[in-house]
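Below: work-v4.cif (mmCIF, C-alpha atoms (C1' of nucleotides))
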```
data_input
loop_
_atom_site.group_PDB
_atom_site.id
_atom_site.type_symbol
_atom_site.label_atom_id
_atom_site.label_comp_id
_atom_site.auth_asym_id
_atom_site.auth_seq_id
_atom_site.Cartn_x
_atom_site.Cartn_y
_atom_site.Cartn_z
ATOM 1 C CA MET Y 1 0.000 0.000 0.000
ATOM 2 C CA ASN Y 2 2.020 2.859 -1.323
ATOM 3 C CA LEU Y 3 5.326 1.296 -0.552
ATOM 4 C CA ASP Y 4 7.214 4.036 -2.339
ATOM 5 C CA LYS Y 5 5.837 6.742 -0.154
ATOM 6 C CA LYS Y 6 6.450 4.613 2.898
ATOM 7 C CA LYS Y 7 10.149 4.759 2.243
ATOM 8 C CA GLN Y 8 10.309 8.536 2.473
ATOM 9 C CA LYS Y 9 11.728 10.116 5.594
ATOM 10 C CA LYS Y 10 11.239 7.506 8.214
ATOM 11 C CA PRO Y 11 13.259 6.932 11.317
ATOM 12 C CA ASP Y 12 13.814 3.361 10.293
ATOM 13 C CA GLN Y 13 17.396 3.164 11.325
ATOM 14 C CA CYS Y 14 15.534 1.831 14.332
ATOM 15 C CA LYS Y 15 14.484 -1.761 13.726
ATOM 16 C CA VAL Y 16 11.668 -1.504 16.225
ATOM 17 C CA VAL Y 17 9.987 0.765 13.744
ATOM 18 C CA VAL Y 18 10.410 -1.879 11.064
ATOM 19 C CA ALA Y 19 8.799 -4.475 13.260
ATOM 20 C CA LEU Y 20 5.963 -2.171 14.205
ATOM 21 C CA ASP Y 21 5.342 -1.446 10.584
ATOM 22 C CA SER Y 22 4.500 -5.082 9.995
ATOM 23 C CA ILE Y 23 2.230 -5.356 12.978
ATOM 24 C CA VAL Y 24 0.487 -2.023 13.041
ATOM 25 C CA GLY Y 25 -2.825 -1.353 11.491
ATOM 26 C CA LYS Y 26 -6.104 -1.310 13.287
ATOM 27 C CA TRP Y 27 -6.821 -4.982 12.738
ATOM 28 C CA LYS Y 28 -3.486 -6.541 11.853
ATOM 29 C CA PRO Y 29 -2.626 -7.848 15.295
ATOM 30 C CA LEU Y 30 -5.995 -9.571 15.507
ATOM 31 C CA ILE Y 31 -5.640 -11.147 12.093
ATOM 32 C CA ILE Y 32 -2.201 -12.409 12.993
ATOM 33 C CA GLN Y 33 -3.306 -13.823 16.311
ATOM 34 C CA HIS Y 34 -6.243 -15.686 14.847
ATOM 35 C CA LEU Y 35 -4.083 -17.191 12.141
ATOM 36 C CA LEU Y 36 -1.447 -18.164 14.682
ATOM 37 C CA ILE Y 37 -4.070 -19.880 16.797
ATOM 38 C CA ASP Y 38 -6.268 -21.475 14.190
ATOM 39 C CA GLY Y 39 -3.641 -22.264 11.599
ATOM 40 C CA THR Y 40 -5.732 -21.906 8.487
ATOM 41 C CA LEU Y 41 -8.847 -19.837 7.968
ATOM 42 C CA ARG Y 42 -11.019 -18.909 5.051
ATOM 43 C CA PHE Y 43 -11.776 -15.284 4.331
ATOM 44 C CA ASN Y 44 -15.189 -15.307 5.910
ATOM 45 C CA GLU Y 45 -14.065 -17.372 8.849
ATOM 46 C CA LEU Y 46 -11.564 -14.679 9.666
ATOM 47 C CA ARG Y 47 -14.257 -12.115 9.198
ATOM 48 C CA ARG Y 48 -16.536 -13.798 11.690
ATOM 49 C CA ARG Y 49 -13.740 -13.965 14.233
ATOM 50 C CA ILE Y 50 -13.219 -10.218 13.950
ATOM 51 C CA PRO Y 51 -16.781 -8.966 14.033
ATOM 52 C CA ASP Y 52 -16.290 -5.273 13.423
ATOM 53 C CA ILE Y 53 -13.815 -5.463 10.585
ATOM 54 C CA THR Y 54 -15.034 -4.466 7.155
ATOM 55 C CA GLN Y 55 -14.484 -6.628 4.112
ATOM 56 C CA ARG Y 56 -12.338 -3.917 2.681
ATOM 57 C CA MET Y 57 -9.983 -3.639 5.627
ATOM 58 C CA LEU Y 58 -9.658 -7.381 5.951
ATOM 59 C CA THR Y 59 -8.632 -7.578 2.314
ATOM 60 C CA LEU Y 60 -6.204 -4.680 2.560
ATOM 61 C CA HIS Y 61 -4.484 -5.936 5.676
ATOM 62 C CA LEU Y 62 -4.226 -9.465 4.352
ATOM 63 C CA ARG Y 63 -2.611 -8.152 1.186
ATOM 64 C CA GLU Y 64 -0.052 -6.212 3.188
ATOM 65 C CA LEU Y 65 0.763 -9.226 5.318
ATOM 66 C CA GLU Y 66 1.136 -11.244 2.152
ATOM 67 C CA GLU Y 67 3.546 -8.734 0.648
ATOM 68 C CA GLN Y 68 5.729 -9.098 3.713
ATOM 69 C CA ASP Y 69 5.750 -12.867 3.377
ATOM 70 C CA LEU Y 70 3.998 -13.203 6.717
ATOM 71 C CA VAL Y 71 0.749 -14.662 5.425
ATOM 72 C CA GLU Y 72 0.111 -17.159 2.674
ATOM 73 C CA ARG Y 73 -2.944 -17.038 0.460
ATOM 74 C CA VAL Y 74 -4.175 -20.142 -1.281
ATOM 75 C CA VAL Y 75 -6.934 -19.923 -3.858
ATOM 76 C CA TYR Y 76 -8.936 -23.010 -4.782
ATOM 77 C CA PRO Y 77 -10.246 -22.570 -8.301
ATOM 78 C CA GLN Y 78 -13.827 -23.616 -7.766
ATOM 79 C CA VAL Y 79 -17.281 -22.126 -7.608
ATOM 80 C CA PRO Y 80 -18.108 -20.711 -5.171
ATOM 81 C CA PRO Y 81 -14.546 -19.583 -4.559
ATOM 82 C CA LYS Y 82 -12.547 -20.781 -1.610
ATOM 83 C CA VAL Y 83 -9.533 -18.900 -0.325
ATOM 84 C CA GLU Y 84 -7.507 -19.969 2.648
ATOM 85 C CA TYR Y 85 -5.141 -17.873 4.696
ATOM 86 C CA SER Y 86 -2.424 -19.026 7.028
ATOM 87 C CA MET Y 87 0.838 -17.782 8.498
ATOM 88 C CA THR Y 88 3.903 -18.670 6.441
ATOM 89 C CA GLU Y 89 6.676 -20.553 8.197
ATOM 90 C CA TYR Y 90 8.508 -17.264 8.316
ATOM 91 C CA GLY Y 91 5.420 -15.480 9.601
ATOM 92 C CA LYS Y 92 5.328 -17.805 12.555
ATOM 93 C CA THR Y 93 8.507 -16.174 13.831
ATOM 94 C CA LEU Y 94 6.171 -13.405 14.885
ATOM 95 C CA GLU Y 95 4.635 -15.613 17.539
ATOM 96 C CA PRO Y 96 7.188 -14.914 20.282
ATOM 97 C CA VAL Y 97 6.906 -11.228 19.514
ATOM 98 C CA MET Y 98 3.162 -11.333 19.863
ATOM 99 C CA ASP Y 99 3.447 -13.319 23.070
ATOM 100 C CA VAL Y 100 5.745 -10.806 24.687
ATOM 101 C CA MET Y 101 3.435 -7.997 23.729
ATOM 102 C CA HIS Y 102 0.401 -9.871 24.916
ATOM 103 C CA GLU Y 103 1.927 -10.432 28.329
ATOM 104 C CA TRP Y 104 3.113 -6.904 28.686
ATOM 105 C CA GLY Y 105 -0.296 -5.659 27.575
ATOM 106 C CA ALA Y 106 -2.071 -7.770 30.171
ATOM 107 C CA ALA Y 107 0.264 -6.524 32.883
ATOM 108 C CA HIS Y 108 -0.272 -2.985 31.688
ATOM 109 C CA VAL Y 109 -4.030 -3.236 32.040
ATOM 110 C CA GLU Y 110 -3.520 -4.296 35.657
ATOM 111 C CA HIS Y 111 -1.013 -1.571 36.300
ATOM 112 C CA MET Y 112 -3.326 1.110 34.957
ATOM 113 C CA LYS Y 113 -6.129 -0.217 37.142
ATOM 114 C CA GLU Y 114 -3.980 0.170 40.226
ATOM 115 C CA ILE Y 115 -2.993 3.664 39.270
ATOM 116 C CA ASP Y 116 -6.631 4.596 38.774
ATOM 117 C CA GLU Y 117 -7.592 3.278 42.177
ATOM 118 C CA GLN Y 118 -4.773 5.154 43.838
ATOM 119 C CA ASN Y 119 -5.906 8.333 42.194
ATOM 120 C CA LYS Y 120 -9.467 7.809 43.361
ATOM 121 C CA LYS Y 121 -8.339 7.362 46.941
ATOM 122 C CA LEU Y 122 -6.206 10.468 46.754
ATOM 123 C CA SER Y 123 -9.015 12.559 45.377
ATOM 124 C CA GLN Y 124 -11.326 11.437 48.160
ATOM 125 C CA ASN Y 125 -9.168 13.129 50.810
ATOM 126 C CA MET Z 1 -5.487 13.138 23.430
ATOM 127 C CA ASN Z 2 -9.163 12.523 22.947
ATOM 128 C CA LEU Z 3 -9.339 9.627 25.308
ATOM 129 C CA ASP Z 4 -13.107 9.514 25.055
ATOM 130 C CA LYS Z 5 -13.094 8.883 21.379
ATOM 131 C CA LYS Z 6 -10.300 6.363 21.832
ATOM 132 C CA LYS Z 7 -12.650 4.200 23.835
ATOM 133 C CA GLN Z 8 -15.102 3.851 20.992
ATOM 134 C CA LYS Z 9 -15.186 0.557 19.190
ATOM 135 C CA LYS Z 10 -11.783 -0.863 19.688
ATOM 136 C CA PRO Z 11 -10.738 -4.462 19.530
ATOM 137 C CA ASP Z 12 -8.894 -4.209 22.813
ATOM 138 C CA GLN Z 13 -10.047 -7.451 24.272
ATOM 139 C CA CYS Z 14 -6.712 -8.396 22.739
ATOM 140 C CA LYS Z 15 -3.875 -7.355 25.030
ATOM 141 C CA VAL Z 16 -1.486 -7.055 22.134
ATOM 142 C CA VAL Z 17 -3.544 -4.102 21.038
ATOM 143 C CA VAL Z 18 -3.169 -2.597 24.485
ATOM 144 C CA ALA Z 19 0.579 -2.946 24.312
ATOM 145 C CA LEU Z 20 0.735 -1.549 20.816
ATOM 146 C CA ASP Z 21 -1.291 1.421 21.907
ATOM 147 C CA SER Z 22 1.446 2.404 24.318
ATOM 148 C CA ILE Z 23 4.220 2.015 21.803
ATOM 149 C CA VAL Z 24 2.671 3.218 18.591
ATOM 150 C CA GLY Z 25 2.949 6.720 17.292
ATOM 151 C CA LYS Z 26 5.346 7.935 14.701
ATOM 152 C CA TRP Z 27 8.071 8.826 17.185
ATOM 153 C CA LYS Z 28 7.180 6.984 20.362
ATOM 154 C CA PRO Z 29 9.462 4.021 19.853
ATOM 155 C CA LEU Z 30 12.387 6.341 19.282
ATOM 156 C CA ILE Z 31 11.635 8.408 22.353
ATOM 157 C CA ILE Z 32 11.374 5.271 24.443
ATOM 158 C CA GLN Z 33 14.604 3.849 23.126
ATOM 159 C CA HIS Z 34 16.569 6.997 23.721
ATOM 160 C CA LEU Z 35 15.290 7.264 27.261
ATOM 161 C CA LEU Z 36 16.048 3.614 27.892
ATOM 162 C CA ILE Z 37 19.594 4.105 26.658
ATOM 163 C CA ASP Z 38 20.442 7.497 28.062
ATOM 164 C CA GLY Z 39 18.459 7.337 31.261
ATOM 165 C CA THR Z 40 17.590 10.982 31.635
ATOM 166 C CA LEU Z 41 17.284 13.618 28.955
ATOM 167 C CA ARG Z 42 16.132 17.182 28.790
ATOM 168 C CA PHE Z 43 13.494 18.196 26.304
ATOM 169 C CA ASN Z 44 15.908 19.633 23.780
ATOM 170 C CA GLU Z 45 18.378 16.830 24.219
ATOM 171 C CA LEU Z 46 15.686 14.423 23.141
ATOM 172 C CA ARG Z 47 14.850 16.724 20.308
ATOM 173 C CA ARG Z 48 18.396 16.716 19.035
ATOM 174 C CA ARG Z 49 18.526 12.937 19.171
ATOM 175 C CA ILE Z 50 15.429 12.736 16.988
ATOM 176 C CA PRO Z 51 16.227 15.302 14.329
ATOM 177 C CA ASP Z 52 13.019 15.330 12.343
ATOM 178 C CA ILE Z 53 10.546 15.430 15.197
ATOM 179 C CA THR Z 54 8.625 18.633 15.722
ATOM 180 C CA GLN Z 55 8.361 20.307 19.090
ATOM 181 C CA ARG Z 56 4.663 19.661 19.033
ATOM 182 C CA MET Z 57 4.900 15.925 18.471
ATOM 183 C CA LEU Z 58 7.632 15.515 21.044
ATOM 184 C CA THR Z 59 5.432 17.195 23.605
ATOM 185 C CA LEU Z 60 2.332 15.221 22.665
ATOM 186 C CA HIS Z 61 4.046 11.881 22.723
ATOM 187 C CA LEU Z 62 5.795 12.587 25.988
ATOM 188 C CA ARG Z 63 2.482 13.545 27.545
ATOM 189 C CA GLU Z 64 0.900 10.313 26.420
ATOM 190 C CA LEU Z 65 3.786 8.287 27.769
ATOM 191 C CA GLU Z 66 3.478 10.182 31.038
ATOM 192 C CA GLU Z 67 -0.239 9.419 31.288
ATOM 193 C CA GLN Z 68 0.564 5.757 31.004
ATOM 194 C CA ASP Z 69 3.111 5.991 33.789
ATOM 195 C CA LEU Z 70 5.862 5.014 31.384
ATOM 196 C CA VAL Z 71 7.781 8.253 31.463
ATOM 197 C CA GLU Z 72 8.497 10.613 34.315
ATOM 198 C CA ARG Z 73 8.697 14.345 33.908
ATOM 199 C CA VAL Z 74 10.643 16.465 36.358
ATOM 200 C CA VAL Z 75 10.423 20.227 36.209
ATOM 201 C CA TYR Z 76 13.102 22.333 37.827
ATOM 202 C CA PRO Z 77 11.592 25.697 38.750
ATOM 203 C CA GLN Z 78 14.278 27.962 37.425
ATOM 204 C CA VAL Z 79 14.911 30.404 34.621
ATOM 205 C CA PRO Z 80 15.491 29.355 31.974
ATOM 206 C CA PRO Z 81 13.327 26.296 32.597
ATOM 207 C CA LYS Z 82 14.802 22.842 32.854
ATOM 208 C CA VAL Z 83 12.708 19.732 32.352
ATOM 209 C CA GLU Z 84 14.058 16.243 32.532
ATOM 210 C CA TYR Z 85 12.489 13.097 31.170
ATOM 211 C CA SER Z 86 13.236 9.509 32.061
ATOM 212 C CA MET Z 87 11.563 6.128 32.026
ATOM 213 C CA THR Z 88 9.744 5.273 35.247
ATOM 214 C CA GLU Z 89 10.704 2.066 36.988
ATOM 215 C CA TYR Z 90 7.536 0.615 35.564
ATOM 216 C CA GLY Z 91 8.303 2.001 32.130
ATOM 217 C CA LYS Z 92 11.538 0.069 32.098
ATOM 218 C CA THR Z 93 9.515 -3.137 31.867
ATOM 219 C CA LEU Z 94 9.114 -2.138 28.237
ATOM 220 C CA GLU Z 95 12.767 -2.821 27.581
ATOM 221 C CA PRO Z 96 12.429 -6.563 26.904
ATOM 222 C CA VAL Z 97 9.487 -5.822 24.653
ATOM 223 C CA MET Z 98 11.494 -3.326 22.680
ATOM 224 C CA ASP Z 99 14.406 -5.735 22.471
ATOM 225 C CA VAL Z 100 12.285 -8.518 21.040
ATOM 226 C CA MET Z 101 10.834 -6.191 18.467
ATOM 227 C CA HIS Z 102 14.223 -4.791 17.610
ATOM 228 C CA GLU Z 103 15.604 -8.232 16.941
ATOM 229 C CA TRP Z 104 12.644 -9.330 14.912
ATOM 230 C CA GLY Z 105 12.803 -6.091 12.957
ATOM 231 C CA ALA Z 106 16.452 -6.583 12.123
ATOM 232 C CA ALA Z 107 15.786 -10.147 10.989
ATOM 233 C CA HIS Z 108 12.860 -8.924 8.932
ATOM 234 C CA VAL Z 109 14.995 -6.446 7.039
ATOM 235 C CA GLU Z 110 17.314 -9.291 6.088
ATOM 236 C CA HIS Z 111 14.454 -11.559 5.138
ATOM 237 C CA MET Z 112 12.928 -8.947 2.874
ATOM 238 C CA LYS Z 113 16.286 -8.408 1.211
ATOM 239 C CA GLU Z 114 16.521 -12.101 0.367
ATOM 240 C CA ILE Z 115 13.033 -12.145 -1.009
ATOM 241 C CA ASP Z 116 13.792 -9.152 -3.203
ATOM 242 C CA GLU Z 117 16.888 -10.809 -4.598
ATOM 243 C CA GLN Z 118 15.016 -13.995 -5.358
ATOM 244 C CA ASN Z 119 12.390 -12.012 -7.191
ATOM 245 C CA LYS Z 120 15.017 -10.235 -9.241
ATOM 246 C CA LYS Z 121 16.571 -13.527 -10.298
ATOM 247 C CA LEU Z 122 13.206 -14.930 -11.234
ATOM 248 C CA SER Z 123 12.268 -11.923 -13.315
ATOM 249 C CA GLN Z 124 15.539 -12.184 -15.250
ATOM 250 C CA ASN Z 125 14.550 -15.542 -16.684
ATOM 251 C "C1'" DC E 1 14.117 26.562 27.357
ATOM 252 C "C1'" DG E 2 10.151 24.248 26.945
ATOM 253 C "C1'" DG E 3 6.363 24.617 25.771
ATOM 254 C "C1'" DT E 4 0.857 25.899 23.651
ATOM 255 C "C1'" DA E 5 -2.599 27.225 20.015
ATOM 256 C "C1'" DT E 6 -4.233 27.047 15.357
ATOM 257 C "C1'" DC E 7 -4.758 25.577 11.057
ATOM 258 C "C1'" DC E 8 -4.186 22.248 7.437
ATOM 259 C "C1'" DA E 9 -2.797 18.108 4.408
ATOM 260 C "C1'" DG E 10 -2.604 13.332 3.732
ATOM 261 C "C1'" DG E 11 -3.314 8.733 4.976
ATOM 262 C "C1'" DA E 12 -6.005 5.258 7.255
ATOM 263 C "C1'" DT E 13 -10.395 3.515 7.926
ATOM 264 C "C1'" DG E 14 -15.551 3.212 7.243
ATOM 265 C "C1'" DA E 15 -19.939 2.756 4.385
ATOM 266 C "C1'" DT E 16 -22.027 1.257 0.582
ATOM 267 C "C1'" DA E 17 -22.753 -0.701 -3.824
ATOM 268 C "C1'" DC E 18 -21.395 -3.825 -7.287
ATOM 269 C "C1'" DT E 19 -19.094 -8.423 -9.430
ATOM 270 C "C1'" DG E 20 -17.068 -13.039 -11.306
ATOM 271 C "C1'" DC P 1 -17.626 -16.658 -1.445
ATOM 272 C "C1'" DA P 2 -14.369 -13.455 -1.813
ATOM 273 C "C1'" DG P 3 -13.548 -9.915 -3.344
ATOM 274 C "C1'" DT P 4 -13.188 -4.534 -5.974
ATOM 275 C "C1'" DA P 5 -14.604 0.393 -6.626
ATOM 276 C "C1'" DT P 6 -15.976 4.669 -4.981
ATOM 277 C "C1'" DC P 7 -16.898 8.157 -1.904
ATOM 278 C "C1'" DA P 8 -17.040 10.015 2.882
ATOM 279 C "C1'" DT P 9 -14.932 10.642 7.367
ATOM 280 C "C1'" DC P 10 -11.699 10.733 10.913
ATOM 281 C "C1'" DC P 11 -7.256 11.165 12.900
ATOM 282 C "C1'" DT P 12 -2.363 11.693 12.931
ATOM 283 C "C1'" DG P 13 1.070 14.463 12.290
ATOM 284 C "C1'" DG P 14 3.324 18.784 10.094
ATOM 285 C "C1'" DA P 15 3.893 23.985 9.710
ATOM 286 C "C1'" DT P 16 3.790 28.064 11.798
ATOM 287 C "C1'" DA P 17 3.310 31.541 15.193
ATOM 288 C "C1'" DC P 18 3.269 32.899 19.809
ATOM 289 C "C1'" DC P 19 4.271 32.671 25.227
ATOM 290 C "C1'" DG P 20 6.128 32.575 30.311
#
```
Could you quickly redo this structure as structure tokens?
Amino acid sequence: MNLDKKKQKKPDQCKVVVALDSIVGKWKPLIIQHLLIDGTLRFNELRRRIPDITQRMLTLHLRELEEQDLVERVVYPQVPPKVEYSMTEYGKTLEPVMDVMHEWGAAHVEHMKEIDEQNKKLSQN
Amino acid sequence: MNLDKKKQKKPDQCKVVVALDSIVGKWKPLIIQHLLIDGTLRFNELRRRIPDITQRMLTLHLRELEEQDLVERVVYPQVPPKVEYSMTEYGKTLEPVMDVMHEWGAAHVEHMKEIDEQNKKLSQN
DNA sequence: CGGTATCCAGGATGATACTG
DNA sequence: CAGTATCATCCTGGATACCG
């Protein structure tokens, strides 16, 4: 999606930015997680697992993941069409990354809760 | 920064999304990394380390990181003003996360290079 | 020095309709 | 079923000017 423009002036000496680029997008992390968990999913199966995503965004994000060799797309030439998506072997190297983020995210939710409660107590005095 | 609207319809049952939310933003990863490396930096020191960032974005991102208890802001009441930023103890828990992403990012750059070269060879035939 | 306020452009996402 | 095309909207970030 506009890969030329993406190369412009980006602070991508930092590899974290590179990694984020592959993962970021409103629905990308969810797509990745479902494919990591379920292995292989058809287009509409993915769609059902991510209720609020639009057809358009699912298509766009899948295409980007494909371009990065993270997701594989297999088309069965039949009517009605059948298209299956799965993580590539390479794409599966993302799993540890997702795990680390998932754990940190869970801890962060807890941490923010504690902070909130502390603030409430303080404001009561 | 419009926290109300941020709560809208977001797929944040997924903790990865929570984590990403703290890290994402055009310059946030860079700010975090510099603070992790250098420990404490003044506003303009940070600015110099991230040449293309605008004053506005540096301020906005720092405020967001502060709200999440990731970054600490210390103001020295003097003229001219002096403000120091550093990661909170809690914020430092991001370090392993950043490391994992950094490593994956570096590997990804290499992987994409290989793919490109393969494609070039194929298109020559 | 370390900000804030305003305005604006472009990209990312959403809504909807149509198709092989 | 699995898309594409088009148009509308929203949001992020950039440019610029000003302030204590």
Superposed chain Z (ref. Chain Y, all C-alpha pairs in order) as a compact mmCIF listing (two decimals) with C-alpha atoms, in the frame of the given file:
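In the end it all went to result00.txt:
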```txt
# COMPACT_ATOMS: atom_id res chain seq x y z
CA MET Z 1 -0.38 0.41 -0.25
CA ASN Z 2 1.59 3.40 -1.40
CA LEU Z 3 4.94 1.88 -0.75
CA ASP Z 4 6.70 4.78 -2.42
CA LYS Z 5 5.33 7.31 -0.04
CA LYS Z 6 6.06 4.96 2.85
CA LYS Z 7 9.74 5.26 2.10
CA GLN Z 8 9.76 9.00 2.62
CA LYS Z 9 11.30 10.28 5.80
CA LYS Z 10 10.96 7.47 8.21
CA PRO Z 11 13.00 6.80 11.28
CA ASP Z 12 13.55 3.20 10.29
CA GLN Z 13 17.18 3.01 11.17
CA CYS Z 14 15.52 1.65 14.30
CA LYS Z 15 14.54 -1.98 13.79
CA VAL Z 16 11.75 -1.70 16.30
CA VAL Z 17 10.04 0.56 13.83
CA VAL Z 18 10.47 -2.08 11.16
CA ALA Z 19 8.85 -4.68 13.36
CA LEU Z 20 6.04 -2.37 14.33
CA ASP Z 21 5.38 -1.64 10.70
CA SER Z 22 4.55 -5.28 10.12
CA ILE Z 23 2.27 -5.55 13.10
CA VAL Z 24 0.55 -2.20 13.20
CA GLY Z 25 -2.77 -1.49 11.62
CA LYS Z 26 -6.08 -1.42 13.35
CA TRP Z 27 -6.80 -5.10 12.78
CA LYS Z 28 -3.47 -6.66 11.92
CA PRO Z 29 -2.65 -7.98 15.37
CA LEU Z 30 -6.02 -9.69 15.53
CA ILE Z 31 -5.65 -11.25 12.12
CA ILE Z 32 -2.21 -12.53 13.04
CA GLN Z 33 -3.37 -13.96 16.32
CA HIS Z 34 -6.30 -15.77 14.82
CA LEU Z 35 -4.14 -17.29 12.13
CA LEU Z 36 -1.53 -18.30 14.68
CA ILE Z 37 -4.19 -20.01 16.77
CA ASP Z 38 -6.37 -21.57 14.12
CA GLY Z 39 -3.73 -22.35 11.55
CA THR Z 40 -5.78 -21.95 8.41
CA LEU Z 41 -8.87 -19.87 7.87
CA ARG Z 42 -10.99 -18.90 4.93
CA PHE Z 43 -11.70 -15.27 4.23
CA ASN Z 44 -15.14 -15.26 5.78
CA GLU Z 45 -14.06 -17.37 8.71
CA LEU Z 46 -11.56 -14.69 9.59
CA ARG Z 47 -14.23 -12.12 9.09
CA ARG Z 48 -16.55 -13.80 11.54
CA ARG Z 49 -13.80 -14.01 14.13
CA ILE Z 50 -13.25 -10.27 13.87
CA PRO Z 51 -16.81 -8.99 13.91
CA ASP Z 52 -16.28 -5.30 13.34
CA ILE Z 53 -13.76 -5.48 10.53
CA THR Z 54 -14.91 -4.44 7.10
CA GLN Z 55 -14.34 -6.56 4.03
CA ARG Z 56 -12.14 -3.85 2.66
CA MET Z 57 -9.81 -3.66 5.64
CA LEU Z 58 -9.55 -7.41 5.93
CA THR Z 59 -8.45 -7.58 2.32
CA LEU Z 60 -6.00 -4.70 2.63
CA HIS Z 61 -4.36 -6.00 5.75
CA LEU Z 62 -4.10 -9.51 4.41
CA ARG Z 63 -2.45 -8.19 1.28
CA GLU Z 64 0.10 -6.29 3.30
CA LEU Z 65 0.86 -9.32 5.42
CA GLU Z 66 1.25 -11.34 2.24
CA GLU Z 67 3.70 -8.83 0.77
CA GLN Z 68 5.84 -9.24 3.84
CA ASP Z 69 5.83 -13.00 3.48
CA LEU Z 70 4.04 -13.33 6.79
CA VAL Z 71 0.81 -14.76 5.49
CA GLU Z 72 0.16 -17.23 2.71
CA ARG Z 73 -2.85 -17.07 0.47
CA VAL Z 74 -4.11 -20.16 -1.31
CA VAL Z 75 -6.82 -19.88 -3.93
CA TYR Z 76 -8.83 -22.92 -4.89
CA PRO Z 77 -10.09 -22.44 -8.44
CA GLN Z 78 -13.68 -23.46 -7.96
CA VAL Z 79 -17.14 -21.96 -7.84
CA PRO Z 80 -17.96 -20.56 -5.43
CA PRO Z 81 -14.40 -19.45 -4.74
CA LYS Z 82 -12.46 -20.71 -1.77
CA VAL Z 83 -9.45 -18.87 -0.41
CA GLU Z 84 -7.47 -19.99 2.56
CA TYR Z 85 -5.11 -17.93 4.66
CA SER Z 86 -2.42 -19.11 7.03
CA MET Z 87 0.82 -17.89 8.53
CA THR Z 88 3.90 -18.81 6.51
CA GLU Z 89 6.63 -20.72 8.27
CA TYR Z 90 8.50 -17.46 8.44
CA GLY Z 91 5.43 -15.63 9.69
CA LYS Z 92 5.27 -17.96 12.65
CA THR Z 93 8.46 -16.36 13.96
CA LEU Z 94 6.13 -13.55 14.99
CA GLU Z 95 4.56 -15.75 17.63
CA PRO Z 96 7.10 -15.06 20.39
CA VAL Z 97 6.86 -11.37 19.60
CA MET Z 98 3.11 -11.45 19.93
CA ASP Z 99 3.37 -13.42 23.15
CA VAL Z 100 5.70 -10.92 24.76
CA MET Z 101 3.43 -8.08 23.80
CA HIS Z 102 0.37 -9.93 24.98
CA GLU Z 103 1.88 -10.48 28.39
CA TRP Z 104 3.09 -6.95 28.73
CA GLY Z 105 -0.31 -5.69 27.62
CA ALA Z 106 -2.10 -7.76 30.22
CA ALA Z 107 0.25 -6.52 32.94
CA HIS Z 108 -0.26 -2.97 31.72
CA VAL Z 109 -4.02 -3.19 32.09
CA GLU Z 110 -3.53 -4.23 35.70
CA HIS Z 111 -0.98 -1.52 36.33
CA MET Z 112 -3.27 1.16 34.97
CA LYS Z 113 -6.08 -0.11 37.16
CA GLU Z 114 -3.93 0.28 40.26
CA ILE Z 115 -2.91 3.75 39.28
CA ASP Z 116 -6.53 4.73 38.76
CA GLU Z 117 -7.50 3.45 42.18
CA GLN Z 118 -4.66 5.31 43.83
CA ASN Z 119 -5.75 8.48 42.13
CA LYS Z 120 -9.31 8.01 43.30
CA LYS Z 121 -8.18 7.60 46.90
CA LEU Z 122 -6.02 10.67 46.68
CA SER Z 123 -8.78 12.80 45.24
CA GLN Z 124 -11.11 11.77 48.08
CA ASN Z 125 -8.91 13.46 50.65
```
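Among Y:Arg56, Y:Leu70, Y:Met101, Y:Gln33, the residue with the shortest atom-to-atom distance to DA5 in chain P, counting all atoms listed in the file, is Y:Arg56.
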Practice item. Calculate how many Å separate CA of Arg49 in chain Y from CA of Ile23 in chain Y, rounding to one decimal. Key: 18.2 Å
Study note, to complete from the structure: From CA of His111 in chain Y to CA of Leu65 in chain Z the spacing works out at 13.9 Å
Around the point (10.2, 2.4, 16.2) in the file's coordinates, collect all residues with an atom within 12 Å, using all atoms listed in the file, and return them as a compact mmCIF listing (two decimals) with C-alpha atoms, keeping the file's coordinate frame.
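Wrote it out as out-v2.txt, contents follow:
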```
# COMPACT_ATOMS: atom_id res chain seq x y z
CA LYS Y 10 11.24 7.51 8.21
CA PRO Y 11 13.26 6.93 11.32
CA ASP Y 12 13.81 3.36 10.29
CA GLN Y 13 17.40 3.16 11.32
CA CYS Y 14 15.53 1.83 14.33
CA LYS Y 15 14.48 -1.76 13.73
CA VAL Y 16 11.67 -1.50 16.23
CA VAL Y 17 9.99 0.76 13.74
CA VAL Y 18 10.41 -1.88 11.06
CA ALA Y 19 8.80 -4.47 13.26
CA LEU Y 20 5.96 -2.17 14.20
CA ASP Y 21 5.34 -1.45 10.58
CA SER Y 22 4.50 -5.08 9.99
CA ILE Y 23 2.23 -5.36 12.98
CA VAL Y 24 0.49 -2.02 13.04
CA LEU Z 20 0.74 -1.55 20.82
CA SER Z 22 1.45 2.40 24.32
CA ILE Z 23 4.22 2.02 21.80
CA VAL Z 24 2.67 3.22 18.59
CA GLY Z 25 2.95 6.72 17.29
CA LYS Z 26 5.35 7.94 14.70
CA TRP Z 27 8.07 8.83 17.18
CA LYS Z 28 7.18 6.98 20.36
CA PRO Z 29 9.46 4.02 19.85
CA LEU Z 30 12.39 6.34 19.28
CA ILE Z 31 11.64 8.41 22.35
CA ILE Z 32 11.37 5.27 24.44
CA GLN Z 33 14.60 3.85 23.13
CA HIS Z 34 16.57 7.00 23.72
CA ILE Z 50 15.43 12.74 16.99
CA VAL Z 97 9.49 -5.82 24.65
CA MET Z 98 11.49 -3.33 22.68
CA ASP Z 99 14.41 -5.74 22.47
CA MET Z 101 10.83 -6.19 18.47
CA HIS Z 102 14.22 -4.79 17.61
CA GLU Z 103 15.60 -8.23 16.94
CA GLY Z 105 12.80 -6.09 12.96
CA ALA Z 106 16.45 -6.58 12.12
```
